[in-house]
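Reading through the structure tokens given below for one structure.
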Amino acid sequence: MSFVSTIGVQKTPGNPVNVLLGPQTGLPAPLTTLVLVGAMGASGGPTGGGTVSGTATAYTQVSVTNIASLSAASAEVATKFGQGSTLALMVLAAVTANAAGPNFPPITCVPLPLGATGFGGGSNNQALLVVDKIPGITFVATQFDGSSDATNRAALIAEVTTMSGAARCANAQYGAFCVMANTTQATYASLPQPNTQNFIGIYLYDSSGNPYTVGQLASAAAAVIAANPVPYNGLDTIVIPGVTAPVNQNDWITVGVGLQSESILTVGWTPLRVLPNATVAFVRTVTSRLYLSDGVTSVTAYYDVQDFQVLYFFRETVAVRFAQPDFINQKASIGTATAAKGVIIGLMQTFQDQGMFQGVSQLARQVIVQTNQSQLGRFDIYIPVTVVPNLHMIATDVVAGTQYDFFTVGAS
């Protein structure tokens, strides 16, 4: 090993000791953020009509400090956003959903003014300009209906898709999802199909009007998904605390092949079911990715939310690793390229050890690091990976035969 400071060539007697920071070679902590976009209370407080407006300013980032205590969160959001305001209720729904712990993703709010029908600023979508700056793997939940509000749905999908772009890693943004809900669309086939991995539609039909607004429902569901830890196992039948089952049991969906849950999943929405104990749970958490880029060929893999959480976390892992001292401000040499390839294969193996990737020993041979032809100071790296799919079903055939129906009892 060569010295990196002058102590390696010092002639004067002594015992100089240098302290250096080596590269962090392990997995980084997943940077996951829950973003809630909703309206504050009425201006002027009770004397001006409505609820207290709160101290926060619309179209700004406002962090929620008390994300693990419902009582503390209640006081905080009443002060910041107004008691009983749309945004305050969304935060409390998210905190309630994760109250049992152990994971509490940070919550960042972007307040809208009371009565907002969009993200503000006309076509500028002022609130989304604020969301655009938030780092991490983000889940953005909003008060707007995921089925009936086509304008705000399209605007939010466009924003989170932009935030998921490759160039956003420089801003510590590694992938984003928008989470919207619907409780009023009785016809499953009429639910919109954006066909993108960046949209998660939460569906809980309630003909009587659910106590949770679509904003609260989206916030609660997003909170549970965001709190799902590495290796991002499926959330089948996982309860969303705080969500009330529809009063009319005819609204409870049937679950199984050829039943209502299958129809909802087929259009790319995440259905919620009512368990026998009357709690509300996910059937399966999916994105709206239904077809390949041709818009015709159905996808058969990579549509679960967790598949993309794994991919976005790997993106974060690679970006953080190559930002370490042993790769920053180095020469674009064969030696550096060889080191980069070794690092990539090592990270792939770590992901396999964690249960997120498979087939690494075969895929490692296909990893390529090469110099870009137009920018000689740039490496282009090709990394093939296979995400381990979640186990959603064990199909078993029980065959009733007669193999042991015929017997002979001999003399004893």
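A note on labels: chains of the structure tokens are A, B, ... as shown, every chain counts residues from 1, and ligands are counted from 1 in their shown order.
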
Next on the checklist: Please identify the alpha helix (DSSP H) residues within range 212-406 of chain A (assignment by DSSP from backbone atoms) and present them as a PyMOL selection string.
Outcome noted: chain A and resi 214-226+260-266+305-321+334-353+360-363

Could you list, with a cut-off of 10 Å and counting only C-alpha atoms, the residues of range 161-253 of chain A near range 320-323 of chain A, each shown with its nearest atom pair and the distance in Å rounded to one decimal, rows sorted by chain and ascending number, as a tab-separated table?
residue	atom	partner	partner_atom	distance
A:Cys169	CA	A:Val320	CA	8.9
A:Ala170	CA	A:Ala323	CA	9.7
A:Ala172	CA	A:Val320	CA	8.8

Next on the checklist: Can you tell me which residues surround range 87-97 of chain A at a distance of at most 9 Å, considering only C-alpha atoms, apart from same-chain residues fewer than 3 positions away, and format the answer as a VMD selection string?
Outcome noted: chain A and resid 34 36 to 41 64 66 to 70 73 to 74 76 to 78 80 to 84 100 to 101 104 107 109 to 112 141 to 143 212 to 213 215 to 224 239 to 243

Item to check | Given only C-alpha atoms as the counted atoms, nearest of A:Tyr232, A:Phe379, A:Tyr174, A:Phe314 to Phe327 in chain A | outcome: A:Phe379

Next on the checklist: Could you check the closest approach to Ala189 in chain A for each of A:Gly268, A:Pro211, A:Gly146, A:Gly115 and tell me which residue wins, using only C-alpha atoms?
Outcome noted: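 Comparing A:Gly268, A:Pro211, A:Gly146, A:Gly115 against Ala189 in chain A, the winner is A:Gly268.
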
Checklist entry - Could you state the separation of CA of Leu191 in chain A and CA of Ser298 in chain A in Å, given to one decimal place? => result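 Taking CA of Leu191 in chain A as the start and CA of Ser298 in chain A as the end point, the length is 17.5 Å.
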
Item to check | For Ile200 in chain A, the nearest of the candidates A:Thr371, A:Gln173, A:Ser288, A:Thr300, counting only C-alpha atoms | outcome: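 Among the listed residues, A:Ser288 lies closest to Ile200 in chain A.
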
Next on the checklist: If we count only C-alpha atoms and set the cut-off at 12 Å, which residues sit around Pro384 in chain A, ignoring sequence neighbours fewer than 5 positions away in its own chain? Please answer as a PyMOL selection string.
Outcome noted: chain A and resi 311+314+344-345+348+357-368

Next on the checklist: Just want the 7 Å neighbourhood of Arg289 in chain A, counted on only C-alpha atoms, with same-chain residues fewer than 4 positions away dropped. Output as a PyMOL selection string.
Outcome noted: chain A and resi 195-197+268+303

What would the file look like if the residues just selected were written as a compact mmCIF listing (two decimals), in the first residue's frame with all heavy atoms?
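Everything below was put into selection09.txt:
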# COMPACT_ATOMS: atom_id res chain seq x y z
N ASN A 195 -50.33 2.82 -16.85
CA ASN A 195 -49.29 1.95 -17.37
C ASN A 195 -47.89 2.48 -17.06
O ASN A 195 -47.07 2.71 -17.95
CB ASN A 195 -49.45 1.76 -18.89
CG ASN A 195 -48.53 0.65 -19.42
OD1 ASN A 195 -48.27 -0.34 -18.75
ND2 ASN A 195 -48.03 0.82 -20.63
N THR A 196 -47.62 2.67 -15.79
CA THR A 196 -46.31 3.13 -15.36
C THR A 196 -46.00 2.56 -13.98
O THR A 196 -46.91 2.43 -13.15
CB THR A 196 -46.24 4.67 -15.30
OG1 THR A 196 -45.01 5.05 -14.66
CG2 THR A 196 -47.38 5.25 -14.50
N GLN A 197 -44.73 2.26 -13.74
CA GLN A 197 -44.34 1.76 -12.44
C GLN A 197 -44.32 2.85 -11.38
O GLN A 197 -44.11 2.58 -10.21
CB GLN A 197 -42.94 1.11 -12.51
CG GLN A 197 -41.81 2.06 -12.84
CD GLN A 197 -41.47 2.04 -14.30
OE1 GLN A 197 -42.32 1.75 -15.15
NE2 GLN A 197 -40.21 2.33 -14.62
N GLY A 268 -54.27 -2.89 -12.92
CA GLY A 268 -53.11 -2.22 -12.35
C GLY A 268 -53.37 -1.41 -11.11
O GLY A 268 -52.62 -0.48 -10.80
N TYR A 303 -43.91 -5.74 -11.88
CA TYR A 303 -45.02 -4.81 -11.69
C TYR A 303 -45.39 -4.67 -10.22
O TYR A 303 -46.12 -3.75 -9.85
CB TYR A 303 -46.26 -5.21 -12.52
CG TYR A 303 -46.70 -6.64 -12.37
CD1 TYR A 303 -47.51 -7.04 -11.33
CD2 TYR A 303 -46.35 -7.60 -13.32
CE1 TYR A 303 -47.92 -8.37 -11.21
CE2 TYR A 303 -46.75 -8.91 -13.22
CZ TYR A 303 -47.55 -9.29 -12.14
OH TYR A 303 -47.96 -10.60 -12.03
